[in-house]
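Engineer: Below: one structure in structure tokens.
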Amino acid sequence: MDDILILGIESSCDETAAAVVRNGREILSNVIFSQISTHTLYGGVVPEIASRQHIEKINQVVDEAVKQAGIRDRELTAVGVTYGPGLVGPLLVGVSFAKGYSFAKKIPLVGVNHIEGHICSNLIEYGDLNPPFLCLIVSGGHTHLVIMEDHGKYTILGRTMDDAAGESYDKVARAIGLGYPGGPKIDEAAKKGDPKAVDFPRAKIADNEYSFSFSGLKSAVLNYLNSCSMAGREVNRNDVAASFQAAVVDVLVNNAMKAVENTGMKRLALAGGVASNSLLRKTMEDECRKRGVEFFVPSPVLCTDNGAMIASAAYFRYVDNRISGSDLNAVPNLKLQEV
Ligand code: KG4
Ligand code: ZN
């Protein structure tokens with residue numbers, strides 16, 4: 001069979017990314033233009049500025065991805081693009097570009113769910129991994145515990161009721177003055193702090209043991225900072241970072257292990273930006289080992305938003321004949337397809 005070469009385009013938030021992936025698993029190029037330095041000035045992603053930067057960069061990023069892959073654009077089989085969930089303006093830039101590209105190059109267009117893309121980063125990292133497996137997706141916008149039953153088919157066990165895990169990292173980092181993006185900064189600060197210094201709450205949701213909630217934890221950190229300031233006590237930022245991170249990781253690992261025990265599944269994967277967190281990777285790996293569960297986690301470059309994961313997800317849709325029409329539109333609150 002001929003190789004299937006997919007160009008994947010990602011622009012749902014603050015990364016303009018494009019990649020070429022062979023047969024769904026082999027990265028030929030993976031180009032990421034991060035807007036972090038721009039948004040750092042404002043302490044978070046400004047959607048309008050993000051859209052404009054995507055428009056400015058997308059041509060260059062796609063050309064670079066095709067060039068670095070060492071192929072001609074006419075060798076591409078299809079173009080895959082994130083059409084949701086995400087910020088509507090940034091999504092529209094990618095979707096419009098991909099439609100134009102598909103029309104001009106006369107290749108099929110494949111719309112991809114961004115969360116499905118994150119999950120597929122595991123299929124790139126581990127060439128032999130195939131569904132079914134459990135997957136915990138933890139990013140700036142999403143916290144989902146799912147069973148990937150088959151390609152494009154999911155059972156959602158739990159999701160966050162309020163803030164996403166990454167969002168809580170970003171908000172807490174801002175509150176303790178570590179800046180944006182919060183995840184990597186808290187990860188580093190926590191290494192120098194005491195995770196037992198402050199006993200922050202671990203939320204439990206009454207009617208679903210797999211659901212998450214992080215806004216109460218964020219409020220508890222804010223209250224702690226306020227009470228220190230009222231009492232004139234100095235805040236040890238490293239201790240707050242370590243104690244906050246311990247609470248987040250505890251909840252993520254506990255819910256995932258409940259799913260392991262209740263479903264009897266023997267494989268668990270992590271995905272999304274927060275999957276690069278050092279404590280989460282280590283704790284999840286240890287807990288999986290104790291239970292004889294195989295643990296999968298993508299390299300950090302595949303955890304944060306990238307085009308390769310979108311190309312991989314597009315490949316599995318393409319071979320299943322799930323191709324999009326030219327009426328593909330951005331869907332900011334797109335859900336995963338449940339079985
Ligand atoms: O997957 P991603 O790049 O974008 C979304 O789809 O949201 O995830 C970005 C999120 C941000 O909230 C960022 O703070 C978080 O991932 N993040 C981390 C780490 N690296 C990135 N959170 C915790 N520890 C990290 N090392
Ligand atoms: Zn993402």
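Each chain of the structure tokens is named A, B, ... in the order shown, its residues numbered from 1; ligands are numbered from 1 in display order.
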Which of segment 187-245 of chain A counts as helix (DSSP H, G or I) under DSSP, as a compact mmCIF listing (two decimals) with N, CA and C atoms, in the first residue's frame please?

Structural biologist:
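Everything below was put into part.txt:
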```
# COMPACT_ATOMS: atom_id res chain seq x y z
N ASP A 187 5.61 23.80 38.12
CA ASP A 187 6.35 22.53 38.10
C ASP A 187 7.76 22.76 38.67
N GLU A 188 8.45 23.81 38.19
CA GLU A 188 9.81 24.11 38.65
C GLU A 188 9.84 24.55 40.10
N ALA A 189 8.95 25.53 40.44
CA ALA A 189 8.94 26.09 41.81
C ALA A 189 8.64 24.99 42.83
N ALA A 190 7.75 24.06 42.44
CA ALA A 190 7.33 23.00 43.37
C ALA A 190 8.49 22.10 43.77
N SER A 215 -11.94 24.56 40.82
CA SER A 215 -12.10 25.98 41.16
C SER A 215 -12.07 26.19 42.68
N GLY A 216 -12.51 25.18 43.46
CA GLY A 216 -12.44 25.30 44.92
C GLY A 216 -11.00 25.33 45.39
N LEU A 217 -10.16 24.55 44.74
CA LEU A 217 -8.73 24.52 45.08
C LEU A 217 -8.09 25.89 44.80
N LYS A 218 -8.46 26.45 43.63
CA LYS A 218 -7.94 27.78 43.27
C LYS A 218 -8.37 28.80 44.32
N SER A 219 -9.66 28.76 44.76
CA SER A 219 -10.14 29.69 45.79
C SER A 219 -9.40 29.48 47.10
N ALA A 220 -9.12 28.21 47.43
CA ALA A 220 -8.40 27.93 48.68
C ALA A 220 -7.01 28.54 48.65
N VAL A 221 -6.36 28.51 47.48
CA VAL A 221 -5.03 29.12 47.37
C VAL A 221 -5.16 30.64 47.53
N LEU A 222 -6.18 31.23 46.87
CA LEU A 222 -6.36 32.69 46.98
C LEU A 222 -6.65 33.08 48.43
N ASN A 223 -7.50 32.28 49.12
CA ASN A 223 -7.81 32.58 50.53
C ASN A 223 -6.56 32.49 51.39
N TYR A 224 -5.75 31.48 51.11
CA TYR A 224 -4.51 31.31 51.89
C TYR A 224 -3.60 32.54 51.69
N LEU A 225 -3.49 32.99 50.43
CA LEU A 225 -2.63 34.15 50.15
C LEU A 225 -3.17 35.40 50.85
N ASN A 226 -4.52 35.55 50.83
CA ASN A 226 -5.15 36.70 51.51
C ASN A 226 -4.90 36.67 53.00
N SER A 227 -5.07 35.47 53.58
CA SER A 227 -4.92 35.39 55.04
C SER A 227 -3.47 35.68 55.43
N CYS A 228 -2.52 35.28 54.60
CA CYS A 228 -1.11 35.59 54.90
C CYS A 228 -0.90 37.09 54.84
N SER A 229 -1.49 37.71 53.82
CA SER A 229 -1.26 39.15 53.66
C SER A 229 -1.92 39.93 54.80
N MET A 230 -3.13 39.49 55.25
CA MET A 230 -3.80 40.16 56.38
C MET A 230 -2.98 40.04 57.65
N ALA A 231 -2.36 38.86 57.83
CA ALA A 231 -1.61 38.64 59.07
C ALA A 231 -0.17 39.14 58.96
N ARG A 237 6.49 31.02 48.15
CA ARG A 237 5.87 30.66 46.86
C ARG A 237 6.15 29.21 46.48
N ASN A 238 7.35 28.74 46.82
CA ASN A 238 7.68 27.36 46.45
C ASN A 238 6.81 26.36 47.22
N ASP A 239 6.56 26.69 48.51
CA ASP A 239 5.70 25.81 49.32
C ASP A 239 4.26 25.82 48.78
N VAL A 240 3.77 27.01 48.41
CA VAL A 240 2.39 27.10 47.88
C VAL A 240 2.31 26.32 46.56
N ALA A 241 3.32 26.50 45.70
CA ALA A 241 3.33 25.78 44.42
C ALA A 241 3.34 24.27 44.66
N ALA A 242 4.19 23.81 45.57
CA ALA A 242 4.30 22.36 45.82
C ALA A 242 3.02 21.81 46.43
N SER A 243 2.41 22.56 47.36
CA SER A 243 1.18 22.08 48.02
C SER A 243 0.01 22.07 47.06
N PHE A 244 -0.07 23.10 46.21
CA PHE A 244 -1.13 23.16 45.19
C PHE A 244 -0.96 21.99 44.22
N GLN A 245 0.25 21.80 43.74
CA GLN A 245 0.51 20.73 42.76
C GLN A 245 0.20 19.36 43.34
```

Engineer: What residues have any atom no more than 7 Å from ligand 1 when counting only C-alpha atoms and all ligand atoms, and can you list them as a list of chain:residue names?

Structural biologist: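 Using only C-alpha atoms and all ligand atoms, I find these residues within 7 Å of ligand 1: A:Cys13, A:Ser139, A:Gly140, A:Gly141, A:His142, A:Gly166, A:Glu167, A:Tyr169, A:Asp170, A:Pro181, A:Gly182, A:Gly183, A:Pro184, A:Ile186, A:Asp187, A:Gly272, A:Gly273, A:Val274, A:Ala275, A:Ser276, A:Asn277, A:Ser278, A:Cys303, A:Thr304, A:Asp305.
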
Engineer: Could you pull out the strand (DSSP E or B) residues of segment 42-185 of chain A, going by DSSP on the backbone, and write them as a PyMOL selection string?

Structural biologist: chain A and resi 78-84+109-113+133-138+143-150+153-160

Engineer: Just to confirm, what's the straight-line distance from atom CA of Ile107 of chain A to atom CA of Ala271 of chain A in Å (one decimal)?

Structural biologist: 29.4 Å

Engineer: Show which residues sit within 9 Å of Gly44 of chain A, as an MDAnalysis selection string. Count only C-alpha atoms, and ignore same-chain residues fewer than 3 positions away.

Structural biologist: chainID A and resid 36 39:41 170 179:181

Engineer: Would you save the residues of that selection, restricted to C-alpha atoms, as a PDB file, in the first residue's frame?

Structural biologist:
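The resulting out-v2.pdb:
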```
ATOM      1  CA  ILE A  36       3.691  32.674  24.443  1.00  0.00           C
ATOM      2  CA  HIS A  39       0.542  36.715  25.552  1.00  0.00           C
ATOM      3  CA  THR A  40       2.949  36.835  28.516  1.00  0.00           C
ATOM      4  CA  LEU A  41       2.645  40.636  28.326  1.00  0.00           C
ATOM      5  CA  ASP A 170      -2.205  29.163  35.141  1.00  0.00           C
ATOM      6  CA  GLY A 179       3.548  34.629  35.457  1.00  0.00           C
ATOM      7  CA  TYR A 180       2.258  32.921  32.290  1.00  0.00           C
ATOM      8  CA  PRO A 181       2.177  30.077  31.348  1.00  0.00           C
TER       9      PRO A 181
END
```

Engineer: Skip segment 48-55 of chain A itself and residues of its chain fewer than 3 positions away, then list as JSON, numbers by chain all residues within 10 Å of it, counting only C-alpha atoms.

Structural biologist: {"A": [10, 11, 12, 13, 14, 15, 16, 17, 33, 34, 35, 36, 38, 39, 45, 58, 59, 60, 61, 87, 88, 89, 90, 91, 92, 93, 94, 97]}

Engineer: For Leu136 of chain A, find every residue with an atom within 7 Å (counting only C-alpha atoms), except residues of its own chain fewer than 2 positions away, and show them as an NGL selection string.

Structural biologist: :A and (134 or 138 or 144-146 or 269-271)
